[in-house]
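Pasting upload-v1.txt here (compact mmCIF, C-alpha atoms):
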```txt
# COMPACT_ATOMS: atom_id res chain seq x y z
CA MET H 1 76.55 45.50 87.28
CA LYS H 2 74.56 47.74 89.59
CA LEU H 3 70.90 47.70 90.52
CA ASN H 4 70.01 51.39 90.44
CA TYR H 5 66.34 51.45 91.34
CA ILE H 6 63.00 49.76 90.88
CA ALA H 7 60.27 51.57 88.98
CA ILE H 8 56.54 51.21 89.48
CA ARG H 9 53.79 52.50 87.26
CA VAL H 10 51.25 55.02 88.51
CA LYS H 11 47.82 56.03 87.25
CA ASN H 12 48.08 59.60 88.51
CA MET H 13 51.52 61.08 89.11
CA ASP H 14 50.50 63.87 91.47
CA GLU H 15 48.43 61.57 93.66
CA SER H 16 51.24 59.00 93.89
CA LEU H 17 53.95 61.61 94.46
CA LYS H 18 51.95 63.01 97.35
CA PHE H 19 51.42 59.54 98.84
CA TYR H 20 55.06 58.45 98.69
CA THR H 21 56.59 61.75 99.81
CA GLU H 22 54.05 63.22 102.24
CA ASN H 23 52.60 60.01 103.66
CA LEU H 24 55.54 57.64 103.44
CA GLY H 25 58.44 60.06 103.84
CA LEU H 26 60.44 59.38 100.69
CA LYS H 27 62.44 62.29 99.29
CA PHE H 28 61.72 63.65 95.82
CA ILE H 29 64.93 63.90 93.76
CA GLU H 30 63.81 64.98 90.30
CA GLU H 31 61.27 64.56 87.54
CA LYS H 32 62.24 63.83 83.94
CA SER H 33 60.62 62.90 80.67
CA TYR H 34 62.36 60.90 77.96
CA MET H 35 59.53 60.79 75.44
CA PRO H 36 56.21 62.56 74.79
CA GLY H 37 53.57 61.63 77.34
CA GLU H 38 56.02 60.11 79.82
CA ARG H 39 56.76 61.39 83.34
CA VAL H 40 59.44 59.82 85.53
CA ALA H 41 59.80 60.89 89.16
CA SER H 42 62.80 59.68 91.18
CA LEU H 43 62.42 59.17 94.92
CA ILE H 44 64.82 57.96 97.60
CA ASP H 45 64.78 56.89 101.22
CA GLU H 46 67.83 58.80 102.43
CA GLY H 47 68.29 56.47 105.38
CA THR H 48 68.25 53.08 103.67
CA LYS H 49 69.24 54.45 100.21
CA GLN H 50 66.41 52.50 98.55
CA LYS H 51 65.35 54.21 95.31
CA LEU H 52 61.90 54.11 93.79
CA ASN H 53 60.89 55.61 90.45
CA LEU H 54 57.30 56.47 89.62
CA MET H 55 56.42 56.11 85.93
CA TYR H 56 53.42 57.78 84.33
CA TYR H 57 52.39 57.25 80.70
CA ALA H 58 49.68 59.35 79.08
CA GLU H 59 47.41 57.57 76.64
CA ASP H 60 49.30 58.95 73.65
CA CYS H 61 52.70 57.81 74.98
CA LYS H 62 54.18 54.93 73.02
CA LEU H 63 54.77 53.02 76.25
CA TYR H 64 51.13 53.35 77.32
CA THR H 65 49.13 50.17 77.89
CA PRO H 66 45.70 50.01 79.54
CA TRP H 67 45.84 49.82 83.31
CA LYS H 68 45.07 46.47 84.91
CA GLU H 69 44.38 46.19 88.59
CA ASP H 70 45.20 42.55 88.88
CA GLY H 71 48.85 42.31 87.95
CA VAL H 72 50.82 40.15 90.34
CA GLU H 73 54.44 40.80 89.38
CA LEU H 74 54.83 43.49 92.01
CA ASP H 75 54.28 41.99 95.44
CA HIS H 76 54.77 44.83 97.90
CA LEU H 77 56.98 47.62 99.24
CA SER H 78 58.17 47.14 102.81
CA PHE H 79 58.38 50.02 105.29
CA GLU H 80 59.70 49.82 108.84
CA VAL H 81 58.00 52.36 111.11
CA GLU H 82 58.02 53.44 114.75
CA ASP H 83 54.48 52.26 115.47
CA ALA H 84 52.76 50.25 112.74
CA LYS H 85 49.32 50.53 114.33
CA LYS H 86 49.57 54.32 114.44
CA THR H 87 50.86 54.64 110.86
CA PHE H 88 48.34 52.07 109.61
CA ASP H 89 45.44 54.00 111.18
CA GLU H 90 46.73 57.33 109.88
CA LEU H 91 47.07 56.06 106.32
CA ILE H 92 43.62 54.47 106.34
CA LYS H 93 42.18 57.70 107.74
CA GLY H 94 43.99 59.52 104.91
CA GLY H 95 42.14 57.44 102.33
CA ALA H 96 44.39 54.41 101.76
CA GLY H 97 42.63 51.05 101.39
CA VAL H 98 43.25 48.08 103.67
CA ALA H 99 45.14 45.23 101.99
CA TRP H 100 45.79 43.03 105.04
CA ASP H 101 44.55 43.99 108.45
CA LEU H 102 47.06 44.90 111.12
CA VAL H 103 48.12 42.04 113.36
CA GLU H 104 49.95 42.45 116.67
CA ARG H 105 51.96 39.74 118.40
CA LYS H 106 53.60 39.83 121.83
CA THR H 107 57.31 39.20 121.72
CA ASP H 108 59.88 38.71 124.49
CA ASP H 109 60.37 42.41 125.01
CA GLY H 110 57.44 44.20 123.40
CA VAL H 111 54.99 44.01 120.53
CA PHE H 112 55.56 43.20 116.88
CA ALA H 113 52.95 44.73 114.59
CA MET H 114 52.43 44.34 110.85
CA GLY H 115 49.80 45.34 108.34
CA PHE H 116 49.40 46.25 104.69
CA VAL H 117 47.64 49.23 103.13
CA LYS H 118 47.11 49.95 99.43
CA ASP H 119 48.80 52.84 97.67
CA PRO H 120 46.76 54.96 95.18
CA ASN H 121 47.42 52.28 92.53
CA GLY H 122 46.43 49.31 94.64
CA ILE H 123 50.05 48.36 95.39
CA TRP H 124 50.51 46.72 98.78
CA ILE H 125 52.51 48.79 101.28
CA GLY H 126 53.84 46.76 104.21
CA LEU H 127 54.17 48.52 107.59
CA ARG H 128 55.94 46.83 110.45
CA SER H 129 57.24 47.80 113.86
CA GLN H 130 58.76 46.19 116.92
CA SER H 131 58.35 47.97 120.25
CA HIS H 132 60.80 47.34 123.09
CA ASN H 133 59.81 47.47 126.75
CA LYS H 134 61.78 49.96 128.75
CA ASN H 135 61.87 47.71 131.89
CA ASP H 136 65.03 45.86 132.82
CA MET Z 1 59.75 55.53 108.42
CA LYS Z 2 62.17 53.47 106.34
CA LEU Z 3 61.75 51.82 102.96
CA ASN Z 4 63.42 48.44 103.53
CA TYR Z 5 63.02 46.70 100.18
CA ILE Z 6 60.71 46.08 97.25
CA ALA Z 7 59.36 42.59 96.70
CA ILE Z 8 58.40 41.03 93.40
CA ARG Z 9 56.50 37.82 92.85
CA VAL Z 10 58.06 34.89 91.00
CA LYS Z 11 56.56 31.86 89.30
CA ASN Z 12 59.55 29.61 90.00
CA MET Z 13 61.89 30.51 92.85
CA ASP Z 14 64.92 28.55 91.70
CA GLU Z 15 64.75 29.93 88.17
CA SER Z 16 64.41 33.52 89.42
CA LEU Z 17 67.11 33.15 92.08
CA LYS Z 18 69.50 31.90 89.43
CA PHE Z 19 68.64 34.79 87.11
CA TYR Z 20 69.06 37.57 89.68
CA THR Z 21 72.19 36.17 91.35
CA GLU Z 22 74.11 34.46 88.55
CA ASN Z 23 73.04 36.61 85.61
CA LEU Z 24 72.50 39.98 87.28
CA GLY Z 25 75.02 39.79 90.11
CA LEU Z 26 72.80 40.40 93.14
CA LYS Z 27 73.89 38.74 96.38
CA PHE Z 28 71.67 36.18 98.11
CA ILE Z 29 71.19 37.05 101.79
CA GLU Z 30 68.71 34.48 103.12
CA GLU Z 31 65.54 32.55 102.44
CA LYS Z 32 62.63 32.48 104.87
CA SER Z 33 59.05 31.28 105.05
CA TYR Z 34 56.39 32.90 107.20
CA MET Z 35 53.48 30.64 106.29
CA PRO Z 36 52.90 27.28 104.60
CA GLY Z 37 53.59 27.38 100.87
CA GLU Z 38 55.48 30.68 100.98
CA ARG Z 39 59.16 31.24 100.10
CA VAL Z 40 60.83 34.62 100.53
CA ALA Z 41 64.37 35.15 99.23
CA SER Z 42 66.22 38.36 100.13
CA LEU Z 43 68.76 39.76 97.70
CA ILE Z 44 70.95 42.84 97.77
CA ASP Z 45 73.20 44.84 95.47
CA GLU Z 46 76.13 45.36 97.83
CA GLY Z 47 77.31 48.39 95.89
CA THR Z 48 74.14 50.45 95.65
CA LYS Z 49 72.47 48.80 98.71
CA GLN Z 50 69.25 48.26 96.75
CA LYS Z 51 67.31 45.33 98.18
CA LEU Z 52 64.99 43.05 96.25
CA ASN Z 53 62.89 40.25 97.71
CA LEU Z 54 61.58 37.39 95.61
CA MET Z 55 58.22 36.01 96.77
CA TYR Z 56 56.94 32.59 95.80
CA TYR Z 57 53.50 31.26 96.74
CA ALA Z 58 52.52 27.63 96.16
CA GLU Z 59 48.93 27.01 95.09
CA ASP Z 60 47.91 25.99 98.62
CA CYS Z 61 49.41 29.13 100.21
CA LYS Z 62 46.77 31.56 101.46
CA LEU Z 63 48.47 34.40 99.59
CA TYR Z 64 48.36 32.53 96.29
CA THR Z 65 46.48 34.10 93.39
CA PRO Z 66 46.62 32.91 89.78
CA TRP Z 67 49.51 34.34 87.84
CA LYS Z 68 48.70 37.07 85.30
CA GLU Z 69 51.23 38.07 82.70
CA ASP Z 70 49.80 41.46 82.04
CA GLY Z 71 50.06 43.31 85.32
CA VAL Z 72 51.36 46.82 84.89
CA GLU Z 73 52.06 47.95 88.44
CA LEU Z 74 55.69 46.92 88.22
CA ASP Z 75 57.39 48.90 85.49
CA HIS Z 76 61.02 47.74 85.49
CA LEU Z 77 64.25 47.18 87.41
CA SER Z 78 67.15 49.33 86.29
CA PHE Z 79 70.72 48.02 86.07
CA GLU Z 80 73.79 50.04 85.16
CA VAL Z 81 76.41 47.89 83.44
CA GLU Z 82 79.85 48.23 81.88
CA ASP Z 83 78.69 47.48 78.35
CA ALA Z 84 74.93 47.25 77.81
CA LYS Z 85 75.27 45.69 74.35
CA LYS Z 86 77.48 42.89 75.69
CA THR Z 87 75.24 42.18 78.71
CA PHE Z 88 72.09 42.42 76.57
CA ASP Z 89 73.48 39.87 74.08
CA GLU Z 90 74.64 37.54 76.85
CA LEU Z 91 71.28 37.57 78.61
CA ILE Z 92 69.37 36.95 75.37
CA LYS Z 93 71.78 34.11 74.54
CA GLY Z 94 71.09 32.75 78.03
CA GLY Z 95 67.38 32.58 77.28
CA ALA Z 96 65.98 35.94 78.39
CA GLY Z 97 63.36 37.48 76.12
CA VAL Z 98 63.71 40.88 74.43
CA ALA Z 99 61.45 43.56 75.90
CA TRP Z 100 62.86 46.61 74.09
CA ASP Z 101 65.66 46.31 71.60
CA LEU Z 102 69.02 47.79 72.45
CA VAL Z 103 69.57 51.33 71.20
CA GLU Z 104 72.93 53.08 70.99
CA ARG Z 105 73.44 56.83 70.80
CA LYS Z 106 76.66 58.76 70.31
CA THR Z 107 77.38 61.22 73.09
CA ASP Z 108 80.09 63.88 73.50
CA ASP Z 109 82.63 61.44 74.78
CA GLY Z 110 81.45 57.95 73.92
CA VAL Z 111 78.35 55.85 73.43
CA PHE Z 112 75.22 55.59 75.56
CA ALA Z 113 73.46 52.24 75.20
CA MET Z 114 70.16 51.05 76.64
CA GLY Z 115 67.93 48.04 76.22
CA PHE Z 116 65.43 45.93 78.13
CA VAL Z 117 65.27 42.16 78.53
CA LYS Z 118 62.60 40.12 80.32
CA ASP Z 119 63.30 38.19 83.51
CA PRO Z 120 61.86 34.66 83.92
CA ASN Z 121 58.53 36.24 84.98
CA GLY Z 122 58.29 38.71 82.13
CA ILE Z 123 59.47 41.63 84.26
CA TRP Z 124 61.40 44.26 82.29
CA ILE Z 125 65.08 44.53 83.21
CA GLY Z 126 66.70 47.77 82.02
CA LEU Z 127 70.38 47.67 81.05
CA ARG Z 128 72.27 50.88 80.40
CA SER Z 129 75.85 51.92 79.92
CA GLN Z 130 77.86 54.98 79.01
CA SER Z 131 81.29 54.47 77.51
CA HIS Z 132 83.92 57.20 77.75
CA ASN Z 133 86.55 57.80 75.07
CA LYS Z 134 90.08 57.59 76.37
CA ASN Z 135 91.31 60.48 74.11
CA ASP Z 136 91.98 63.92 75.54
```
Here is the file; what I need is its structure written in the form of structure tokens.
Amino acid sequence: MKLNYIAIRVKNMDESLKFYTENLGLKFIEEKSYMPGERVASLIDEGTKQKLNLMYYAEDCKLYTPWKEDGVELDHLSFEVEDAKKTFDELIKGGAGVAWDLVERKTDDGVFAMGFVKDPNGIWIGLRSQSHNKND
Amino acid sequence: MKLNYIAIRVKNMDESLKFYTENLGLKFIEEKSYMPGERVASLIDEGTKQKLNLMYYAEDCKLYTPWKEDGVELDHLSFEVEDAKKTFDELIKGGAGVAWDLVERKTDDGVFAMGFVKDPNGIWIGLRSQSHNKND
């Protein structure tokens, strides 16, 4: 038994593809369609090997259901970044919504920072970083 | 930038932990809590390295929101298995709901089978297998 990937639904494939590849650095593998009105894009983080599929259903696709903003089954996607404050600010500047404001906390050897932005579908994207002081 | 894991929300942590570890073979790594009323369980597929976190929020947790069955942001989790028909039947027998009935299709060298069951939270779990004839 193998867990291959997790798939999320998107309202607009091109918008979401751009967000996850250009803004969040995932690599596009391929796009397929298994039935009329369906688009499936496969993405991967080549470092951690995590796979994410984006699923788009047109209104005439038999898997289509009306979009609801308030689903809770998907909690968030977690990204580790060099500098969470920097990435957070860049994504907000690029049009992403704020889900949970960035918080910074001093740790023994640097700063831990964490915040959440919203992807084009309202999905929470966690950003976290831990800086390390260069002093001995 | 690294995608660490994807986190899904669960209504009942023990029920979901049992389902994903005992029924679907993921390995439990650890459970943590970062705020009152929150439980976070980390799971991994040691073969494919896919990581899944289960998030539980009690009603007095500040991240709690009422559960809605009809969220669409999470599409499905995809598992590759030895024999999709066998696993599908076992999971249904074990109490999982049917999301999309199992379909089998003859291929050049065997049978491709695919079906979807529902996890304890209604999340679609894809099961697929490809058998290969032993003839030359």
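Here atom CA of H:Asp45 is placed at a distance of 20.3 Å from atom CA of H:Lys86.
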Output, as a PDB file with C-alpha atoms, keeping the file's coordinate frame, the coordinates of chain Z following least-squares superposition onto chain H across all in-order C-alpha pairs.
```pdb
ATOM      1  CA  MET Z   1      76.557  45.489  87.295  1.00  0.00           C
ATOM      2  CA  LYS Z   2      74.561  47.727  89.626  1.00  0.00           C
ATOM      3  CA  LEU Z   3      70.892  47.695  90.553  1.00  0.00           C
ATOM      4  CA  ASN Z   4      70.033  51.409  90.464  1.00  0.00           C
ATOM      5  CA  TYR Z   5      66.345  51.467  91.362  1.00  0.00           C
ATOM      6  CA  ILE Z   6      63.002  49.758  90.904  1.00  0.00           C
ATOM      7  CA  ALA Z   7      60.276  51.567  89.006  1.00  0.00           C
ATOM      8  CA  ILE Z   8      56.552  51.199  89.497  1.00  0.00           C
ATOM      9  CA  ARG Z   9      53.807  52.493  87.259  1.00  0.00           C
ATOM     10  CA  VAL Z  10      51.258  55.018  88.512  1.00  0.00           C
ATOM     11  CA  LYS Z  11      47.831  56.018  87.255  1.00  0.00           C
ATOM     12  CA  ASN Z  12      48.089  59.607  88.498  1.00  0.00           C
ATOM     13  CA  MET Z  13      51.529  61.088  89.113  1.00  0.00           C
ATOM     14  CA  ASP Z  14      50.505  63.877  91.462  1.00  0.00           C
ATOM     15  CA  GLU Z  15      48.426  61.574  93.647  1.00  0.00           C
ATOM     16  CA  SER Z  16      51.235  59.001  93.881  1.00  0.00           C
ATOM     17  CA  LEU Z  17      53.954  61.603  94.468  1.00  0.00           C
ATOM     18  CA  LYS Z  18      51.937  63.011  97.340  1.00  0.00           C
ATOM     19  CA  PHE Z  19      51.409  59.552  98.832  1.00  0.00           C
ATOM     20  CA  TYR Z  20      55.051  58.444  98.700  1.00  0.00           C
ATOM     21  CA  THR Z  21      56.571  61.760  99.814  1.00  0.00           C
ATOM     22  CA  GLU Z  22      54.044  63.224 102.248  1.00  0.00           C
ATOM     23  CA  ASN Z  23      52.566  60.027 103.665  1.00  0.00           C
ATOM     24  CA  LEU Z  24      55.525  57.653 103.449  1.00  0.00           C
ATOM     25  CA  GLY Z  25      58.418  60.072 103.862  1.00  0.00           C
ATOM     26  CA  LEU Z  26      60.440  59.376 100.715  1.00  0.00           C
ATOM     27  CA  LYS Z  27      62.423  62.299  99.314  1.00  0.00           C
ATOM     28  CA  PHE Z  28      61.719  63.650  95.827  1.00  0.00           C
ATOM     29  CA  ILE Z  29      64.926  63.900  93.783  1.00  0.00           C
ATOM     30  CA  GLU Z  30      63.822  64.989  90.302  1.00  0.00           C
ATOM     31  CA  GLU Z  31      61.274  64.561  87.552  1.00  0.00           C
ATOM     32  CA  LYS Z  32      62.247  63.828  83.962  1.00  0.00           C
ATOM     33  CA  SER Z  33      60.640  62.887  80.672  1.00  0.00           C
ATOM     34  CA  TYR Z  34      62.380  60.884  77.973  1.00  0.00           C
ATOM     35  CA  MET Z  35      59.554  60.779  75.442  1.00  0.00           C
ATOM     36  CA  PRO Z  36      56.241  62.535  74.794  1.00  0.00           C
ATOM     37  CA  GLY Z  37      53.581  61.627  77.344  1.00  0.00           C
ATOM     38  CA  GLU Z  38      56.026  60.116  79.837  1.00  0.00           C
ATOM     39  CA  ARG Z  39      56.770  61.383  83.368  1.00  0.00           C
ATOM     40  CA  VAL Z  40      59.441  59.794  85.545  1.00  0.00           C
ATOM     41  CA  ALA Z  41      59.796  60.873  89.180  1.00  0.00           C
ATOM     42  CA  SER Z  42      62.800  59.664  91.193  1.00  0.00           C
ATOM     43  CA  LEU Z  43      62.429  59.163  94.925  1.00  0.00           C
ATOM     44  CA  ILE Z  44      64.817  57.972  97.602  1.00  0.00           C
ATOM     45  CA  ASP Z  45      64.782  56.889 101.233  1.00  0.00           C
ATOM     46  CA  GLU Z  46      67.815  58.826 102.446  1.00  0.00           C
ATOM     47  CA  GLY Z  47      68.288  56.481 105.381  1.00  0.00           C
ATOM     48  CA  THR Z  48      68.233  53.091 103.692  1.00  0.00           C
ATOM     49  CA  LYS Z  49      69.231  54.459 100.227  1.00  0.00           C
ATOM     50  CA  GLN Z  50      66.412  52.510  98.567  1.00  0.00           C
ATOM     51  CA  LYS Z  51      65.359  54.203  95.340  1.00  0.00           C
ATOM     52  CA  LEU Z  52      61.903  54.102  93.805  1.00  0.00           C
ATOM     53  CA  ASN Z  53      60.894  55.618  90.478  1.00  0.00           C
ATOM     54  CA  LEU Z  54      57.304  56.459  89.638  1.00  0.00           C
ATOM     55  CA  MET Z  55      56.437  56.092  85.943  1.00  0.00           C
ATOM     56  CA  TYR Z  56      53.440  57.749  84.345  1.00  0.00           C
ATOM     57  CA  TYR Z  57      52.403  57.230  80.720  1.00  0.00           C
ATOM     58  CA  ALA Z  58      49.691  59.338  79.083  1.00  0.00           C
ATOM     59  CA  GLU Z  59      47.413  57.538  76.636  1.00  0.00           C
ATOM     60  CA  ASP Z  60      49.319  58.919  73.635  1.00  0.00           C
ATOM     61  CA  CYS Z  61      52.719  57.798  74.986  1.00  0.00           C
ATOM     62  CA  LYS Z  62      54.195  54.886  73.042  1.00  0.00           C
ATOM     63  CA  LEU Z  63      54.781  52.992  76.286  1.00  0.00           C
ATOM     64  CA  TYR Z  64      51.152  53.324  77.342  1.00  0.00           C
ATOM     65  CA  THR Z  65      49.144  50.154  77.915  1.00  0.00           C
ATOM     66  CA  PRO Z  66      45.714  49.992  79.552  1.00  0.00           C
ATOM     67  CA  TRP Z  67      45.852  49.814  83.308  1.00  0.00           C
ATOM     68  CA  LYS Z  68      45.080  46.435  84.905  1.00  0.00           C
ATOM     69  CA  GLU Z  69      44.358  46.185  88.589  1.00  0.00           C
ATOM     70  CA  ASP Z  70      45.225  42.564  88.917  1.00  0.00           C
ATOM     71  CA  GLY Z  71      48.874  42.322  87.982  1.00  0.00           C
ATOM     72  CA  VAL Z  72      50.827  40.155  90.367  1.00  0.00           C
ATOM     73  CA  GLU Z  73      54.436  40.797  89.400  1.00  0.00           C
ATOM     74  CA  LEU Z  74      54.826  43.487  92.028  1.00  0.00           C
ATOM     75  CA  ASP Z  75      54.274  41.984  95.448  1.00  0.00           C
ATOM     76  CA  HIS Z  76      54.766  44.845  97.917  1.00  0.00           C
ATOM     77  CA  LEU Z  77      56.965  47.643  99.249  1.00  0.00           C
ATOM     78  CA  SER Z  78      58.136  47.174 102.812  1.00  0.00           C
ATOM     79  CA  PHE Z  79      58.357  50.049 105.302  1.00  0.00           C
ATOM     80  CA  GLU Z  80      59.676  49.841 108.844  1.00  0.00           C
ATOM     81  CA  VAL Z  81      57.975  52.373 111.112  1.00  0.00           C
ATOM     82  CA  GLU Z  82      57.993  53.462 114.745  1.00  0.00           C
ATOM     83  CA  ASP Z  83      54.463  52.282 115.463  1.00  0.00           C
ATOM     84  CA  ALA Z  84      52.759  50.258 112.728  1.00  0.00           C
ATOM     85  CA  LYS Z  85      49.309  50.540 114.323  1.00  0.00           C
ATOM     86  CA  LYS Z  86      49.533  54.343 114.437  1.00  0.00           C
ATOM     87  CA  THR Z  87      50.830  54.659 110.851  1.00  0.00           C
ATOM     88  CA  PHE Z  88      48.311  52.083 109.594  1.00  0.00           C
ATOM     89  CA  ASP Z  89      45.413  54.014 111.177  1.00  0.00           C
ATOM     90  CA  GLU Z  90      46.688  57.345 109.862  1.00  0.00           C
ATOM     91  CA  LEU Z  91      47.051  56.076 106.306  1.00  0.00           C
ATOM     92  CA  ILE Z  92      43.587  54.483 106.326  1.00  0.00           C
ATOM     93  CA  LYS Z  93      42.149  57.725 107.734  1.00  0.00           C
ATOM     94  CA  GLY Z  94      43.942  59.535 104.903  1.00  0.00           C
ATOM     95  CA  GLY Z  95      42.120  57.424 102.338  1.00  0.00           C
ATOM     96  CA  ALA Z  96      44.369  54.412 101.741  1.00  0.00           C
ATOM     97  CA  GLY Z  97      42.611  51.069 101.391  1.00  0.00           C
ATOM     98  CA  VAL Z  98      43.224  48.069 103.663  1.00  0.00           C
ATOM     99  CA  ALA Z  99      45.125  45.239 101.981  1.00  0.00           C
ATOM    100  CA  TRP Z 100      45.781  43.044 105.034  1.00  0.00           C
ATOM    101  CA  ASP Z 101      44.528  43.986 108.451  1.00  0.00           C
ATOM    102  CA  LEU Z 102      47.026  44.922 111.113  1.00  0.00           C
ATOM    103  CA  VAL Z 103      48.121  42.063 113.354  1.00  0.00           C
ATOM    104  CA  GLU Z 104      49.933  42.447 116.665  1.00  0.00           C
ATOM    105  CA  ARG Z 105      51.960  39.744 118.381  1.00  0.00           C
ATOM    106  CA  LYS Z 106      53.606  39.823 121.790  1.00  0.00           C
ATOM    107  CA  THR Z 107      57.333  39.194 121.678  1.00  0.00           C
ATOM    108  CA  ASP Z 108      59.921  38.719 124.447  1.00  0.00           C
ATOM    109  CA  ASP Z 109      60.393  42.400 124.968  1.00  0.00           C
ATOM    110  CA  GLY Z 110      57.476  44.201 123.368  1.00  0.00           C
ATOM    111  CA  VAL Z 111      55.006  44.004 120.517  1.00  0.00           C
ATOM    112  CA  PHE Z 112      55.574  43.203 116.851  1.00  0.00           C
ATOM    113  CA  ALA Z 113      52.946  44.743 114.577  1.00  0.00           C
ATOM    114  CA  MET Z 114      52.419  44.352 110.842  1.00  0.00           C
ATOM    115  CA  GLY Z 115      49.783  45.354 108.342  1.00  0.00           C
ATOM    116  CA  PHE Z 116      49.375  46.262 104.687  1.00  0.00           C
ATOM    117  CA  VAL Z 117      47.610  49.236 103.127  1.00  0.00           C
ATOM    118  CA  LYS Z 118      47.094  49.959  99.425  1.00  0.00           C
ATOM    119  CA  ASP Z 119      48.772  52.866  97.657  1.00  0.00           C
ATOM    120  CA  PRO Z 120      46.750  54.967  95.167  1.00  0.00           C
ATOM    121  CA  ASN Z 121      47.407  52.282  92.508  1.00  0.00           C
ATOM    122  CA  GLY Z 122      46.428  49.313  94.631  1.00  0.00           C
ATOM    123  CA  ILE Z 123      50.034  48.365  95.374  1.00  0.00           C
ATOM    124  CA  TRP Z 124      50.499  46.726  98.783  1.00  0.00           C
ATOM    125  CA  ILE Z 125      52.499  48.798 101.266  1.00  0.00           C
ATOM    126  CA  GLY Z 126      53.808  46.769 104.217  1.00  0.00           C
ATOM    127  CA  LEU Z 127      54.126  48.520 107.582  1.00  0.00           C
ATOM    128  CA  ARG Z 128      55.926  46.834 110.448  1.00  0.00           C
ATOM    129  CA  SER Z 129      57.212  47.802 113.845  1.00  0.00           C
ATOM    130  CA  GLN Z 130      58.764  46.214 116.894  1.00  0.00           C
ATOM    131  CA  SER Z 131      58.369  47.978 120.212  1.00  0.00           C
ATOM    132  CA  HIS Z 132      60.836  47.351 123.030  1.00  0.00           C
ATOM    133  CA  ASN Z 133      59.866  47.440 126.706  1.00  0.00           C
ATOM    134  CA  LYS Z 134      61.860  49.927 128.715  1.00  0.00           C
ATOM    135  CA  ASN Z 135      62.021  47.615 131.814  1.00  0.00           C
ATOM    136  CA  ASP Z 136      65.202  45.762 132.696  1.00  0.00           C
TER     137      ASP Z 136
END
```
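Residue nearest H:Gly95, chosen from H:Gly110, H:Pro120, H:Gly115, H:Gly37 and counting all atoms listed in the file: H:Pro120.
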Counting only C-alpha atoms, chain H residues within 7 Å of chain Z, as a ChimeraX atom specification
/H:1-9,24-25,45,47-50,67-68,70-82
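Going from atom CA of Z:Val117 to atom CA of Z:His132 covers 24.0 Å.
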Could you please determine the separation between atom CA of H:Ile29 and atom CA of H:Ala96 in Å, to one decimal place?
24.0 Å
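Nearest to H:Leu63 of all the residues H:Trp100, H:Phe28, H:Tyr34, H:Phe112 is H:Tyr34, counting all atoms listed in the file.
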Please rebuild stretch 79-91 of chain Z with N, CA and C atoms and return the result as a CSV table (one decimal), in the coordinates of the input.
```
chain,number,residue,atom,x,y,z
Z,79,PHE,N,69.3,48.4,85.8
Z,79,PHE,CA,70.7,48.0,86.1
Z,79,PHE,C,71.7,48.9,85.2
Z,80,GLU,N,72.7,49.3,85.9
Z,80,GLU,CA,73.8,50.0,85.2
Z,80,GLU,C,74.9,49.0,84.9
Z,81,VAL,N,75.4,48.9,83.7
Z,81,VAL,CA,76.4,47.9,83.4
Z,81,VAL,C,77.6,48.5,82.7
Z,82,GLU,N,78.7,47.8,82.6
Z,82,GLU,CA,79.8,48.2,81.9
Z,82,GLU,C,79.6,48.5,80.4
Z,83,ASP,N,78.9,47.5,79.8
Z,83,ASP,CA,78.7,47.5,78.4
Z,83,ASP,C,77.3,46.9,78.1
Z,84,ALA,N,76.3,47.7,77.9
Z,84,ALA,CA,74.9,47.2,77.8
Z,84,ALA,C,74.7,46.3,76.6
Z,85,LYS,N,75.4,46.6,75.5
Z,85,LYS,CA,75.3,45.7,74.4
Z,85,LYS,C,75.7,44.3,74.7
Z,86,LYS,N,76.9,44.2,75.3
Z,86,LYS,CA,77.5,42.9,75.7
Z,86,LYS,C,76.5,42.1,76.7
Z,87,THR,N,76.1,42.8,77.7
Z,87,THR,CA,75.2,42.2,78.7
Z,87,THR,C,73.9,41.8,78.1
Z,88,PHE,N,73.4,42.7,77.3
Z,88,PHE,CA,72.1,42.4,76.6
Z,88,PHE,C,72.2,41.1,75.7
Z,89,ASP,N,73.3,41.1,74.9
Z,89,ASP,CA,73.5,39.9,74.1
Z,89,ASP,C,73.7,38.6,74.9
Z,90,GLU,N,74.4,38.7,76.0
Z,90,GLU,CA,74.6,37.5,76.8
Z,90,GLU,C,73.3,37.0,77.5
Z,91,LEU,N,72.5,38.0,78.0
Z,91,LEU,CA,71.3,37.6,78.6
Z,91,LEU,C,70.3,36.9,77.6
```
